[in-house]
Every structure is written in C-alpha cells, then in structure tokens.
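Asker: My structure is stored as upload19.tsv, with TSV, C-alpha atoms.
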```tsv
chain	number	residue	atom	x	y	z
A	225	MET	CA	180.12	4.48	36.15
A	226	THR	CA	177.49	4.65	33.42
A	227	GLY	CA	176.22	1.88	31.12
A	228	THR	CA	174.04	1.76	28.01
A	229	ARG	CA	172.74	5.19	26.96
A	230	GLY	CA	174.19	6.80	30.05
A	231	TYR	CA	172.14	4.86	32.63
A	232	HIS	CA	173.91	4.32	35.93
A	233	HIS	CA	174.18	0.60	36.52
A	234	GLY	CA	171.50	0.38	39.23
A	235	ASP	CA	169.20	2.72	37.31
A	236	LEU	CA	169.29	0.55	34.21
A	237	ARG	CA	168.47	-2.53	36.26
A	238	ARG	CA	165.52	-0.71	37.83
A	239	ALA	CA	164.39	0.60	34.44
A	240	LEU	CA	164.46	-2.93	33.03
A	241	LEU	CA	162.41	-4.28	35.95
A	242	ALA	CA	159.89	-1.45	35.50
A	243	ALA	CA	159.67	-2.21	31.78
A	244	ALA	CA	159.13	-5.90	32.59
A	245	VAL	CA	156.24	-5.03	34.93
A	246	GLU	CA	154.66	-2.91	32.20
A	247	ALA	CA	155.11	-5.67	29.60
A	248	ILE	CA	153.60	-8.34	31.88
A	249	GLU	CA	150.61	-6.12	32.69
A	250	GLU	CA	150.02	-5.55	28.97
A	251	SER	CA	150.69	-8.95	27.42
A	252	GLY	CA	151.21	-11.50	30.19
A	253	VAL	CA	154.35	-13.14	31.45
A	254	THR	CA	154.45	-15.89	28.79
A	255	ALA	CA	154.89	-13.36	25.98
A	256	LEU	CA	157.75	-11.56	27.75
A	257	SER	CA	161.21	-11.87	26.20
A	258	LEU	CA	164.53	-10.22	27.06
A	259	ARG	CA	164.72	-8.90	23.50
A	260	ASP	CA	161.31	-7.18	23.71
A	261	LEU	CA	162.30	-5.84	27.08
A	262	ALA	CA	165.42	-4.21	25.65
A	263	ARG	CA	163.35	-2.62	22.87
A	264	ARG	CA	160.77	-1.39	25.37
A	265	ALA	CA	163.39	0.14	27.69
A	266	GLY	CA	165.27	1.61	24.70
A	267	VAL	CA	168.56	-0.10	25.53
A	268	SER	CA	170.87	-2.48	23.65
A	269	HIS	CA	169.48	-5.99	23.24
A	270	ALA	CA	172.39	-7.31	25.31
A	271	ALA	CA	171.57	-5.20	28.38
A	272	PRO	CA	168.85	-7.45	29.90
A	273	ALA	CA	171.01	-10.56	29.51
A	274	HIS	CA	173.93	-8.67	31.07
A	275	HIS	CA	171.83	-7.84	34.14
A	276	PHE	CA	169.68	-10.94	34.53
A	277	GLY	CA	171.26	-13.74	32.47
A	278	ASP	CA	168.00	-15.14	31.17
A	279	LYS	CA	164.25	-14.77	31.52
A	280	ALA	CA	164.19	-16.86	34.71
A	281	GLY	CA	166.87	-14.54	36.13
A	282	LEU	CA	164.76	-11.49	35.29
A	283	LEU	CA	161.67	-13.05	36.90
A	284	THR	CA	163.73	-14.04	39.96
A	285	ALA	CA	164.72	-10.38	40.36
A	286	LEU	CA	161.05	-9.40	39.94
A	287	ALA	CA	160.01	-11.92	42.60
A	288	VAL	CA	162.64	-10.56	45.01
A	289	GLU	CA	161.39	-7.02	44.38
A	290	GLY	CA	157.81	-8.20	44.89
A	291	PHE	CA	158.46	-10.01	48.19
A	292	ASP	CA	160.47	-6.98	49.41
A	293	LEU	CA	157.62	-4.61	48.53
A	294	LEU	CA	155.12	-6.94	50.18
A	295	ALA	CA	157.27	-7.29	53.32
A	296	ALA	CA	157.54	-3.50	53.58
A	297	ARG	CA	153.76	-3.15	53.26
A	298	LEU	CA	153.08	-5.86	55.84
A	299	HIS	CA	155.61	-4.39	58.29
A	300	GLY	CA	153.93	-1.01	57.74
A	301	ALA	CA	150.82	-2.44	59.39
A	302	GLY	CA	152.73	-2.28	62.71
A	303	GLY	CA	151.92	-5.80	63.89
A	304	ASP	CA	148.14	-5.45	63.39
A	305	LEU	CA	147.06	-8.61	61.55
A	306	LEU	CA	143.85	-7.10	60.17
A	307	GLU	CA	145.74	-4.14	58.70
A	308	ALA	CA	148.46	-6.47	57.40
A	309	GLY	CA	145.75	-8.47	55.61
A	310	VAL	CA	144.32	-5.34	54.03
A	311	ALA	CA	147.86	-4.32	53.01
A	312	TYR	CA	148.38	-7.75	51.39
A	313	VAL	CA	145.27	-7.30	49.25
A	314	ASP	CA	146.23	-3.72	48.42
A	315	PHE	CA	149.71	-4.87	47.36
A	316	ALA	CA	148.27	-7.61	45.12
A	317	VAL	CA	145.81	-5.23	43.43
A	318	GLY	CA	148.44	-2.51	42.98
A	319	HIS	CA	151.25	-4.82	41.80
A	320	ARG	CA	149.54	-7.42	39.62
A	321	ALA	CA	152.64	-8.35	37.67
A	322	HIS	CA	154.79	-8.88	40.77
A	323	PHE	CA	152.00	-10.79	42.49
A	324	GLU	CA	151.48	-13.09	39.53
A	325	VAL	CA	155.18	-13.90	39.18
A	326	MET	CA	155.74	-14.38	42.95
A	327	PHE	CA	153.15	-17.16	43.04
A	328	ARG	CA	154.20	-18.92	39.85
A	329	PRO	CA	157.39	-20.54	41.13
A	330	GLU	CA	157.83	-22.56	37.94
A	331	LEU	CA	158.81	-19.26	36.29
A	332	TYR	CA	161.82	-18.37	38.43
A	333	ARG	CA	164.51	-19.64	40.80
A	334	VAL	CA	162.54	-20.13	44.01
A	335	HIS	CA	165.58	-21.39	45.91
A	336	ASP	CA	167.64	-18.30	45.11
A	337	ALA	CA	169.02	-16.90	48.38
A	338	GLU	CA	167.61	-13.40	47.81
A	339	VAL	CA	164.15	-14.78	47.02
A	340	ARG	CA	164.21	-16.89	50.18
A	341	ALA	CA	165.32	-13.96	52.33
A	342	ALA	CA	162.66	-11.61	50.91
A	343	ARG	CA	159.96	-14.26	51.27
A	344	GLU	CA	161.02	-14.84	54.88
A	345	ARG	CA	160.78	-11.11	55.64
A	346	ALA	CA	157.21	-11.11	54.33
A	347	GLY	CA	156.39	-14.25	56.32
A	348	ALA	CA	157.87	-12.76	59.50
A	349	ALA	CA	155.58	-9.72	59.20
A	350	LEU	CA	152.54	-11.98	58.91
A	351	ASN	CA	153.70	-14.08	61.87
A	352	SER	CA	154.21	-11.03	64.06
A	353	GLY	CA	150.60	-10.03	63.34
A	354	VAL	CA	149.45	-13.51	64.39
A	355	ALA	CA	151.56	-13.36	67.57
A	356	ALA	CA	149.83	-10.08	68.52
A	357	LEU	CA	146.31	-11.56	68.30
A	358	PRO	CA	144.37	-11.60	71.56
A	359	ALA	CA	144.59	-15.02	73.26
A	360	ARG	CA	141.76	-17.35	72.23
A	361	PRO	CA	140.96	-21.01	72.76
A	362	GLY	CA	142.43	-23.25	70.05
A	363	ALA	CA	145.01	-20.67	68.95
A	364	ASP	CA	147.95	-22.18	67.03
A	365	PRO	CA	150.36	-19.65	65.53
A	366	GLY	CA	151.31	-21.78	62.51
A	367	GLN	CA	147.74	-22.72	61.61
A	368	ASP	CA	146.46	-19.21	62.36
A	369	ALA	CA	149.08	-17.73	60.01
A	370	LEU	CA	148.14	-20.22	57.30
A	371	ALA	CA	144.45	-19.35	57.68
A	372	ALA	CA	145.21	-15.61	57.53
A	373	TRP	CA	147.43	-16.06	54.47
A	374	SER	CA	144.78	-18.22	52.77
A	375	ILE	CA	141.93	-15.76	53.31
A	376	VAL	CA	143.86	-12.71	52.07
A	377	HIS	CA	145.47	-14.59	49.19
A	378	GLY	CA	142.11	-16.00	48.13
A	379	PHE	CA	140.35	-12.66	48.37
A	380	ALA	CA	143.10	-10.93	46.36
A	381	THR	CA	143.15	-13.66	43.70
A	382	LEU	CA	139.36	-13.65	43.30
A	383	TRP	CA	139.34	-9.85	43.14
A	384	LEU	CA	142.06	-9.79	40.46
A	385	SER	CA	140.31	-12.46	38.39
A	386	GLY	CA	137.08	-10.44	38.36
A	387	ALA	CA	135.21	-13.41	39.87
A	388	LEU	CA	133.62	-11.53	42.77
A	389	PRO	CA	129.95	-10.49	42.53
A	390	GLU	CA	129.18	-6.82	41.97
A	391	ARG	CA	127.71	-6.39	45.44
A	392	VAL	CA	131.26	-6.65	46.83
A	393	GLY	CA	131.76	-3.06	45.68
A	394	GLY	CA	134.61	-1.15	44.10
A	395	ASP	CA	137.14	-0.72	46.91
A	396	PRO	CA	139.23	-3.85	47.48
A	397	ARG	CA	140.64	-2.52	50.78
A	398	GLU	CA	137.21	-1.98	52.33
A	399	ALA	CA	135.80	-5.24	50.98
A	400	ALA	CA	138.85	-7.16	52.22
A	401	ARG	CA	138.60	-5.64	55.69
A	402	VAL	CA	135.03	-6.90	56.14
A	403	VAL	CA	136.01	-10.39	54.98
A	404	ILE	CA	139.25	-10.71	56.99
A	405	ARG	CA	137.50	-9.49	60.13
A	406	ARG	CA	135.41	-12.69	60.06
A	407	LEU	CA	138.51	-14.79	60.70
A	408	PHE	CA	139.71	-13.90	64.20
A	409	TRP	CA	137.69	-10.93	65.37
B	2	MET	CA	124.91	-41.07	14.34
B	3	THR	CA	128.70	-41.30	14.31
B	4	GLY	CA	131.25	-38.60	13.46
B	5	THR	CA	135.00	-38.56	12.86
B	6	ARG	CA	136.59	-41.99	13.30
B	7	GLY	CA	133.36	-43.47	14.50
B	8	TYR	CA	132.95	-41.32	17.63
B	9	HIS	CA	129.37	-40.65	18.63
B	10	HIS	CA	128.80	-36.91	18.64
B	11	GLY	CA	128.77	-36.50	22.44
B	12	ASP	CA	131.69	-38.87	22.88
B	13	LEU	CA	133.88	-36.87	20.50
B	14	ARG	CA	133.06	-33.67	22.37
B	15	ARG	CA	133.97	-35.33	25.66
B	16	ALA	CA	137.15	-36.80	24.17
B	17	LEU	CA	138.18	-33.35	22.95
B	18	LEU	CA	137.56	-31.80	26.38
B	19	ALA	CA	139.58	-34.59	28.03
B	20	ALA	CA	142.42	-34.02	25.54
B	21	ALA	CA	142.29	-30.27	26.30
B	22	VAL	CA	142.64	-30.95	30.03
B	23	GLU	CA	145.65	-33.18	29.36
B	24	ALA	CA	147.23	-30.58	27.07
B	25	ILE	CA	146.72	-27.76	29.62
B	26	GLU	CA	148.20	-29.86	32.43
B	27	GLU	CA	151.25	-30.59	30.28
B	28	SER	CA	151.95	-27.29	28.53
B	29	GLY	CA	149.65	-24.62	29.96
B	30	VAL	CA	146.59	-22.99	28.52
B	31	THR	CA	148.46	-20.38	26.45
B	32	ALA	CA	150.11	-23.04	24.31
B	33	LEU	CA	146.81	-24.82	23.61
B	34	SER	CA	145.51	-24.67	20.03
B	35	LEU	CA	142.54	-26.35	18.35
B	36	ARG	CA	144.89	-27.86	15.80
B	37	ASP	CA	147.11	-29.48	18.46
B	38	LEU	CA	143.98	-30.68	20.19
B	39	ALA	CA	142.80	-32.47	17.03
B	40	ARG	CA	146.20	-34.13	16.66
B	41	ARG	CA	146.21	-35.17	20.31
B	42	ALA	CA	142.68	-36.62	20.13
B	43	GLY	CA	143.45	-38.30	16.80
B	44	VAL	CA	140.59	-36.63	14.93
B	45	SER	CA	140.34	-34.41	11.85
B	46	HIS	CA	141.70	-30.91	12.37
B	47	ALA	CA	138.21	-29.54	11.66
B	48	ALA	CA	136.56	-31.46	14.52
B	49	PRO	CA	137.43	-29.09	17.41
B	50	ALA	CA	136.24	-26.05	15.43
B	51	HIS	CA	133.05	-27.91	14.53
B	52	HIS	CA	132.32	-28.54	18.21
B	53	PHE	CA	133.60	-25.38	19.87
B	54	GLY	CA	134.01	-22.73	17.15
B	55	ASP	CA	137.27	-21.34	18.49
B	56	LYS	CA	139.64	-21.60	21.43
B	57	ALA	CA	137.44	-19.34	23.59
B	58	GLY	CA	134.51	-21.63	22.80
B	59	LEU	CA	136.52	-24.68	23.87
B	60	LEU	CA	137.56	-22.98	27.12
B	61	THR	CA	133.95	-21.89	27.74
B	62	ALA	CA	132.92	-25.54	27.51
B	63	LEU	CA	135.76	-26.45	29.87
B	64	ALA	CA	134.65	-23.77	32.36
B	65	VAL	CA	131.06	-25.06	32.24
B	66	GLU	CA	132.29	-28.59	32.86
B	67	GLY	CA	134.48	-27.31	35.72
B	68	PHE	CA	131.72	-25.35	37.47
B	69	ASP	CA	129.38	-28.34	37.05
B	70	LEU	CA	131.94	-30.70	38.59
B	71	LEU	CA	132.57	-28.22	41.41
B	72	ALA	CA	128.84	-27.76	42.06
B	73	ALA	CA	128.38	-31.54	42.24
B	74	ARG	CA	131.25	-31.83	44.73
B	75	LEU	CA	129.96	-28.96	46.88
B	76	HIS	CA	126.40	-30.34	46.87
B	77	GLY	CA	127.90	-33.71	47.85
B	78	ALA	CA	128.93	-32.13	51.17
B	79	GLY	CA	125.24	-32.16	52.11
B	80	GLY	CA	125.03	-28.57	53.34
B	81	ASP	CA	128.03	-28.86	55.71
B	82	LEU	CA	130.19	-25.78	55.01
B	83	LEU	CA	133.39	-27.27	56.41
B	84	GLU	CA	133.03	-30.36	54.20
B	85	ALA	CA	132.11	-28.17	51.24
B	86	GLY	CA	135.32	-26.20	51.80
B	87	VAL	CA	137.38	-29.37	51.87
B	88	ALA	CA	135.60	-30.52	48.69
B	89	TYR	CA	136.45	-27.19	47.00
B	90	VAL	CA	140.16	-27.68	47.74
B	91	ASP	CA	140.01	-31.33	46.68
B	92	PHE	CA	138.33	-30.31	43.40
B	93	ALA	CA	141.00	-27.66	42.70
B	94	VAL	CA	143.88	-30.07	43.40
B	95	GLY	CA	142.30	-32.86	41.35
B	96	HIS	CA	141.22	-30.69	38.40
B	97	ARG	CA	144.02	-28.18	37.96
B	98	ALA	CA	143.26	-27.42	34.33
B	99	HIS	CA	139.56	-26.77	34.94
B	100	PHE	CA	140.32	-24.72	38.05
B	101	GLU	CA	142.85	-22.55	36.21
B	102	VAL	CA	140.51	-21.86	33.30
B	103	MET	CA	137.45	-21.20	35.51
B	104	PHE	CA	139.27	-18.36	37.27
B	105	ARG	CA	140.84	-16.80	34.20
B	106	PRO	CA	137.71	-15.19	32.74
B	107	GLU	CA	139.72	-13.35	30.09
B	108	LEU	CA	140.14	-16.75	28.40
B	109	TYR	CA	136.49	-17.59	27.81
B	110	ARG	CA	132.92	-16.25	27.48
B	111	VAL	CA	132.04	-15.56	31.11
B	112	HIS	CA	128.59	-14.28	30.21
B	113	ASP	CA	127.65	-17.45	28.34
B	114	ALA	CA	124.30	-18.71	29.72
B	115	GLU	CA	125.64	-22.19	30.50
B	116	VAL	CA	128.66	-20.78	32.35
B	117	ARG	CA	126.42	-18.52	34.41
B	118	ALA	CA	124.04	-21.35	35.27
B	119	ALA	CA	126.86	-23.71	36.29
B	120	ARG	CA	128.56	-20.97	38.34
B	121	GLU	CA	125.26	-20.25	40.09
B	122	ARG	CA	124.81	-23.92	40.98
B	123	ALA	CA	128.25	-23.90	42.60
B	124	GLY	CA	127.47	-20.63	44.42
B	125	ALA	CA	124.13	-21.99	45.66
B	126	ALA	CA	125.89	-24.99	47.24
B	127	LEU	CA	128.27	-22.66	49.09
B	128	ASN	CA	125.39	-20.45	50.22
B	129	SER	CA	123.41	-23.39	51.56
B	130	GLY	CA	126.44	-24.34	53.68
B	131	VAL	CA	126.57	-20.79	55.05
B	132	ALA	CA	122.82	-20.82	55.78
B	133	ALA	CA	123.28	-24.01	57.83
B	134	LEU	CA	125.95	-22.47	60.12
B	135	PRO	CA	124.99	-22.20	63.79
B	136	ALA	CA	123.70	-18.71	64.65
B	137	ARG	CA	126.48	-16.38	65.79
B	138	PRO	CA	126.72	-12.66	66.55
B	139	GLY	CA	127.69	-10.61	63.49
B	140	ALA	CA	126.60	-13.29	61.02
B	141	ASP	CA	125.95	-11.94	57.52
B	142	PRO	CA	125.27	-14.62	54.88
B	143	GLY	CA	126.78	-12.66	51.98
B	144	GLN	CA	129.97	-11.72	53.83
B	145	ASP	CA	130.26	-15.14	55.46
B	146	ALA	CA	130.06	-16.80	52.03
B	147	LEU	CA	132.69	-14.43	50.67
B	148	ALA	CA	135.00	-15.20	53.60
B	149	ALA	CA	134.49	-18.96	53.16
B	150	TRP	CA	135.12	-18.71	49.40
B	151	SER	CA	138.25	-16.61	49.99
B	152	ILE	CA	139.82	-18.96	52.51
B	153	VAL	CA	139.26	-22.11	50.44
B	154	HIS	CA	140.23	-20.44	47.17
B	155	GLY	CA	143.37	-19.00	48.76
B	156	PHE	CA	144.37	-22.29	50.35
B	157	ALA	CA	143.82	-24.17	47.07
B	158	THR	CA	145.74	-21.58	45.04
B	159	LEU	CA	148.68	-21.53	47.45
B	160	TRP	CA	148.72	-25.33	47.55
B	161	LEU	CA	148.73	-25.59	43.75
B	162	SER	CA	151.48	-22.99	43.40
B	163	GLY	CA	153.74	-24.94	45.77
B	164	ALA	CA	154.04	-21.87	48.01
B	165	LEU	CA	153.05	-23.54	51.28
B	166	PRO	CA	155.75	-24.51	53.78
B	167	GLU	CA	156.63	-28.20	54.12
B	168	ARG	CA	155.18	-28.42	57.62
B	169	VAL	CA	151.70	-28.15	56.05
B	170	GLY	CA	152.10	-31.81	55.06
B	171	GLY	CA	151.18	-33.87	52.06
B	172	ASP	CA	147.40	-34.20	52.23
B	173	PRO	CA	145.58	-31.10	50.99
B	174	ARG	CA	142.23	-32.26	52.36
B	175	GLU	CA	143.50	-32.66	55.92
B	176	ALA	CA	145.53	-29.44	55.81
B	177	ALA	CA	142.55	-27.53	54.40
B	178	ARG	CA	140.22	-28.88	57.08
B	179	VAL	CA	142.42	-27.49	59.87
B	180	VAL	CA	142.64	-24.09	58.18
B	181	ILE	CA	138.96	-23.75	57.26
B	182	ARG	CA	137.91	-24.76	60.78
B	183	ARG	CA	139.49	-21.53	62.06
B	184	LEU	CA	136.91	-19.46	60.18
B	185	PHE	CA	133.56	-20.18	61.81
B	186	TRP	CA	134.08	-23.06	64.24
```
Show me, as structure tokens, the structure contained in the file I just sent.
Answerer:
Amino acid sequence: MTGTRGYHHGDLRRALLAAAVEAIEESGVTALSLRDLARRAGVSHAAPAHHFGDKAGLLTALAVEGFDLLAARLHGAGGDLLEAGVAYVDFAVGHRAHFEVMFRPELYRVHDAEVRAARERAGAALNSGVAALPARPGADPGQDALAAWSIVHGFATLWLSGALPERVGGDPREAARVVIRRLFW
Amino acid sequence: MTGTRGYHHGDLRRALLAAAVEAIEESGVTALSLRDLARRAGVSHAAPAHHFGDKAGLLTALAVEGFDLLAARLHGAGGDLLEAGVAYVDFAVGHRAHFEVMFRPELYRVHDAEVRAARERAGAALNSGVAALPARPGADPGQDALAAWSIVHGFATLWLSGALPERVGGDPREAARVVIRRLFW
C-alpha cells in the first residue's frame, strides 16, 4: 500500500521524523509546525496530521525513536558502565534534536505507553552496567545509577551548550571517558 | 535622578530583570520580547531598549546576574566541594530562568566582559572546592572540577526536566547530596 507521492506508509512516517529532526536542528523545536514539516518533506499538508495527530504526537514519536536509539547504544556497550556512559554522550552529541525533545517532557506525551517502554529499555541498560560494577563499600544500585546518569547527562548537556573550556578538547567521547572514570573507577 | 514612573535608574533596571525572570518562567525565553517586558513592568515601551539595547542585551544582563548569584552561592559553601555541589543544584532549582539562559549561550553575548568575569568567579569557587579535596591517587584538579561540574549540572538538569524517578524524593538538596557524595567521598 502506498500513500502520498508513492511513499510506503512506514517510509513516509520515517521521512517525516527525519524532516522533523532536520527542522529542529536548524530552527529549534518551538518553531516547528506540522505544516512546515509537510512542505519540508514534500508531502501533502495533511500527511503529518494523519500520522501524528498534532505536534505533541509528532514529538512523542520522536521521543520514542530517541529512547530506542539510546537504549540500543547503551545495550551495545555490553554491560560495561564506562562504555555505556561514553555511548550516552556520543548519542546526545550525534542526535541533538532527539536528545533535546526527550528531556523536555512538557513538549510531548510522557505517559504514552511506547515512550515509557522505550525509556525503560534505556534505563535497564544503564542499570545492568551498574549491576556489573565491582563490589565496593557503600554501593547502592539505585543511587549509583542516578550518579552515573547525572554525570553523563551533565557532561553531554554542557558539551552541547558550548559551556566547556577549550582545554577539554575536541572529542566528546575521549573527554567524557576521562570524566566518567572519576566516578567509580 | 528618577526615570520612568519615578523609578531610580538602578531600580528600573532591576525591576525589568525581575519581570524578565517572571516572563521566562511563565512562557519561556523564546516568547520574551522587550515590548512585553515593558508592559509587564508597567513602564514605557522604550525603557527596556534604553537599558539593554535589545533582547540579547537583556539576556546578557540576566546571565551576568545568574553567574553572580551562582558564584555567591558557591563561595558560601566555604570551600567544601560537596556543599558547593548542593548549592549549585539549589541555585538551579530556585532560579530556573537564570539557569536556562546561562547555559543557552546562543541567546546572549557570551564574550561580554561582565559575563566572562561573573562566570570566572563561579568557576573559581568550584576550583577552590576541588583544591580542598583530600589527596587521592589519580587526582587531577582540572578533570576533577569537570567531573564535579558534570554531576551537579546533570542532576540539576534532570531534576528540572522532571525526568527523575519518583523514588528520588521531593527535596533536591538531599537527593543531590547523596548523588554527589558518590563522586569523591
């Protein structure tokens, strides 16, 4: 079955999400509208509403995609918390639009079942890295996970905002590794 | 000397900054305009432009005020890095508008001399906390400061975004203290 301009249904949805990422990276999420999105993707102005309902629906789909991508990257670290932390930073730097939307819950439907499931998959990957840490005095899986999340989220956010001093260097993965290593190693 | 509606010059400037904070907390920084600000503060529409030139000038003044407030809070921790970290989180939670603007350098003149000076005062307070840490193997003041900044910035950002799980509890200072303590203590 093909939709507007011969896109297969799933392809059009993906094309619209890709166009949304491009638009957010160029002009920010506030400026984004379903109408502009249709123009940008070269489809009928009704196509985005058909797929996502409204702007919050579009951003919910983007958040799901973002948490899924993040979960895949974290699971790719194979249970190594240091590598998972580096992967978190690398994801944030490589997917600015997703990362921004994911952590602005006022923009989308945070209680959507797909969002919750994707967010839980990402959280589970982080928790498995914490569970694999060598035993140490004062270990507490919940607090350790929160500390790990905080340090990688903070590093990524500061990197993206351009706030870090020049001495930090140009490679976010390497810089993040040195910083994260100070937490548990 | 009195200006619009009898404000003393410095008072009007402060009133405009306070009105900007209120406007950002209500409607976000994108929606803010100098004209709305004048209406909100009950002054002539020319007053904000007279004081700040343009929106970037207003946000530069807000960033200076924010970094000054932050520096004062960090210095108030008396060289104790854990307390400085808690103060950082408390500042972010209590001054959302300042905190948002400070870390969105595309919104203001980051190379402004006053911004740089205020940012350096805040950085110096963090560095003095790092310098006072007990000696430990692998210590590196620059990397330790970056790790401390990352963990408190990340915790504050996640707290503000509402992303943290409910089990973290309702008091950001207490929750931050437990998390930060995992870094060097």
Asker: Quick one: pull the distance between CA of Ala321 in chain A and CA of Ile248 in chain A, Å, one decimal.
Answerer: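 CA of Ile248 in chain A lies 5.9 Å from CA of Ala321 in chain A.
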Asker: Pull the closest atom pair for each residue of chain B that gets at most 8 Å from chain A, along with the distance in Å to one decimal, counting all atoms listed in the file, ordering rows by chain and then ascending residue number, as a Markdown table.
Answerer:
```
| residue | atom | partner | partner_atom | distance |
| --- | --- | --- | --- | --- |
| B:Thr31 | CA | A:Thr254 | CA | 7.8 |
| B:Phe104 | CA | A:Ser385 | CA | 6.1 |
| B:Arg105 | CA | A:Ser385 | CA | 6.1 |
| B:Pro106 | CA | A:Ser385 | CA | 6.8 |
| B:Gln144 | CA | A:Val403 | CA | 6.3 |
| B:Asp145 | CA | A:Arg406 | CA | 7.3 |
| B:Leu147 | CA | A:Val403 | CA | 6.8 |
| B:Ala148 | CA | A:Val403 | CA | 5.1 |
| B:Trp150 | CA | A:Gly378 | CA | 7.6 |
| B:Ser151 | CA | A:Gly378 | CA | 4.3 |
| B:Ile152 | CA | A:Ile375 | CA | 3.9 |
| B:Val153 | CA | A:Gly378 | CA | 7.1 |
| B:His154 | CA | A:Gly378 | CA | 4.9 |
| B:Gly155 | CA | A:Gly378 | CA | 3.3 |
| B:Phe156 | CA | A:Ser374 | CA | 4.8 |
| B:Thr158 | CA | A:Gly378 | CA | 7.3 |
| B:Leu159 | CA | A:Ser374 | CA | 7.4 |
| B:Ser162 | CA | A:Arg328 | CA | 6.0 |
| B:Gly163 | CA | A:Pro329 | CA | 7.4 |
| B:Ala164 | CA | A:Phe327 | CA | 6.9 |
| B:Val179 | CA | A:Gln367 | CA | 7.4 |
| B:Val180 | CA | A:Ala371 | CA | 5.1 |
| B:Ile181 | CA | A:Ala371 | CA | 7.0 |
| B:Arg183 | CA | A:Leu407 | CA | 6.9 |
| B:Leu184 | CA | A:Leu407 | CA | 5.0 |
| B:Phe185 | CA | A:Leu407 | CA | 7.4 |
```
Asker: To one decimal place, how far is CA of Ala88 in chain B from CA of Asp113 in chain B in Å?
Answerer: 25.5 Å
Asker: One number please: CA of Val116 in chain B to CA of Phe53 in chain B, in Å, one decimal.
Answerer: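 For CA of Val116 in chain B relative to CA of Phe53 in chain B, the distance reads 14.2 Å.
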Asker: For the point (147.6, -31.3, 33.6) in the file's frame, write as a PDB file with C-alpha atoms, in the coordinates of the input all residues with an atom no more than 12 Å away, counting all atoms listed in the file.
Answerer:
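Output (point_7.pdb):
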```pdb
ATOM      1  CA  ALA B  19     139.580 -34.590  28.030  1.00  0.00           C
ATOM      2  CA  ALA B  20     142.420 -34.020  25.540  1.00  0.00           C
ATOM      3  CA  ALA B  21     142.290 -30.270  26.300  1.00  0.00           C
ATOM      4  CA  VAL B  22     142.640 -30.950  30.030  1.00  0.00           C
ATOM      5  CA  GLU B  23     145.650 -33.180  29.360  1.00  0.00           C
ATOM      6  CA  ALA B  24     147.230 -30.580  27.070  1.00  0.00           C
ATOM      7  CA  ILE B  25     146.720 -27.760  29.620  1.00  0.00           C
ATOM      8  CA  GLU B  26     148.200 -29.860  32.430  1.00  0.00           C
ATOM      9  CA  GLU B  27     151.250 -30.590  30.280  1.00  0.00           C
ATOM     10  CA  SER B  28     151.950 -27.290  28.530  1.00  0.00           C
ATOM     11  CA  GLY B  29     149.650 -24.620  29.960  1.00  0.00           C
ATOM     12  CA  VAL B  30     146.590 -22.990  28.520  1.00  0.00           C
ATOM     13  CA  LEU B  33     146.810 -24.820  23.610  1.00  0.00           C
ATOM     14  CA  ALA B  93     141.000 -27.660  42.700  1.00  0.00           C
ATOM     15  CA  VAL B  94     143.880 -30.070  43.400  1.00  0.00           C
ATOM     16  CA  GLY B  95     142.300 -32.860  41.350  1.00  0.00           C
ATOM     17  CA  HIS B  96     141.220 -30.690  38.400  1.00  0.00           C
ATOM     18  CA  ARG B  97     144.020 -28.180  37.960  1.00  0.00           C
ATOM     19  CA  ALA B  98     143.260 -27.420  34.330  1.00  0.00           C
ATOM     20  CA  HIS B  99     139.560 -26.770  34.940  1.00  0.00           C
ATOM     21  CA  PHE B 100     140.320 -24.720  38.050  1.00  0.00           C
ATOM     22  CA  GLU B 101     142.850 -22.550  36.210  1.00  0.00           C
ATOM     23  CA  VAL B 102     140.510 -21.860  33.300  1.00  0.00           C
ATOM     24  CA  LEU B 161     148.730 -25.590  43.750  1.00  0.00           C
TER      25      LEU B 161
END
```
Asker: So that I can check the surroundings of Ala239 in chain A, please list as a ChimeraX atom specification every protein, DNA and RNA residue that reaches within 12 Å of it, counting all atoms listed in the file and ignoring chain neighbours fewer than 2 positions away.
Answerer: /A:228,231-237,241-246,261-262,264-267,271-272,275,286
Asker: Please save C-alpha atoms of the selected residues as a short mmCIF file (atom, residue, chain, number, x, y, z; two decimals), in the frame of the given file.
Answerer:
```cif
data_model
loop_
_atom_site.label_atom_id
_atom_site.label_comp_id
_atom_site.auth_asym_id
_atom_site.auth_seq_id
_atom_site.Cartn_x
_atom_site.Cartn_y
_atom_site.Cartn_z
CA THR A 228 174.04 1.76 28.01
CA TYR A 231 172.14 4.86 32.63
CA HIS A 232 173.91 4.32 35.93
CA HIS A 233 174.18 0.60 36.52
CA GLY A 234 171.50 0.38 39.23
CA ASP A 235 169.20 2.72 37.31
CA LEU A 236 169.29 0.55 34.21
CA ARG A 237 168.47 -2.53 36.26
CA LEU A 241 162.41 -4.28 35.95
CA ALA A 242 159.89 -1.45 35.50
CA ALA A 243 159.67 -2.21 31.78
CA ALA A 244 159.13 -5.90 32.59
CA VAL A 245 156.24 -5.03 34.93
CA GLU A 246 154.66 -2.91 32.20
CA LEU A 261 162.30 -5.84 27.08
CA ALA A 262 165.42 -4.21 25.65
CA ARG A 264 160.77 -1.39 25.37
CA ALA A 265 163.39 0.14 27.69
CA GLY A 266 165.27 1.61 24.70
CA VAL A 267 168.56 -0.10 25.53
CA ALA A 271 171.57 -5.20 28.38
CA PRO A 272 168.85 -7.45 29.90
CA HIS A 275 171.83 -7.84 34.14
CA LEU A 286 161.05 -9.40 39.94
#
```
Asker: Contacts of Leu127 in chain B at 9 Å or less, counting all atoms listed in the file, minus same-chain residues fewer than 3 places along, as a VMD selection string?
Answerer: chain B and resid 72 75 to 76 80 82 85 to 86 122 to 124 130 to 132 146 149 to 150
Asker: Please list as a count of residues only every residue within 7 Å of Lys56 in chain B, counting all atoms listed in the file and excluding residues in the same chain fewer than 3 positions away.
Answerer: 4
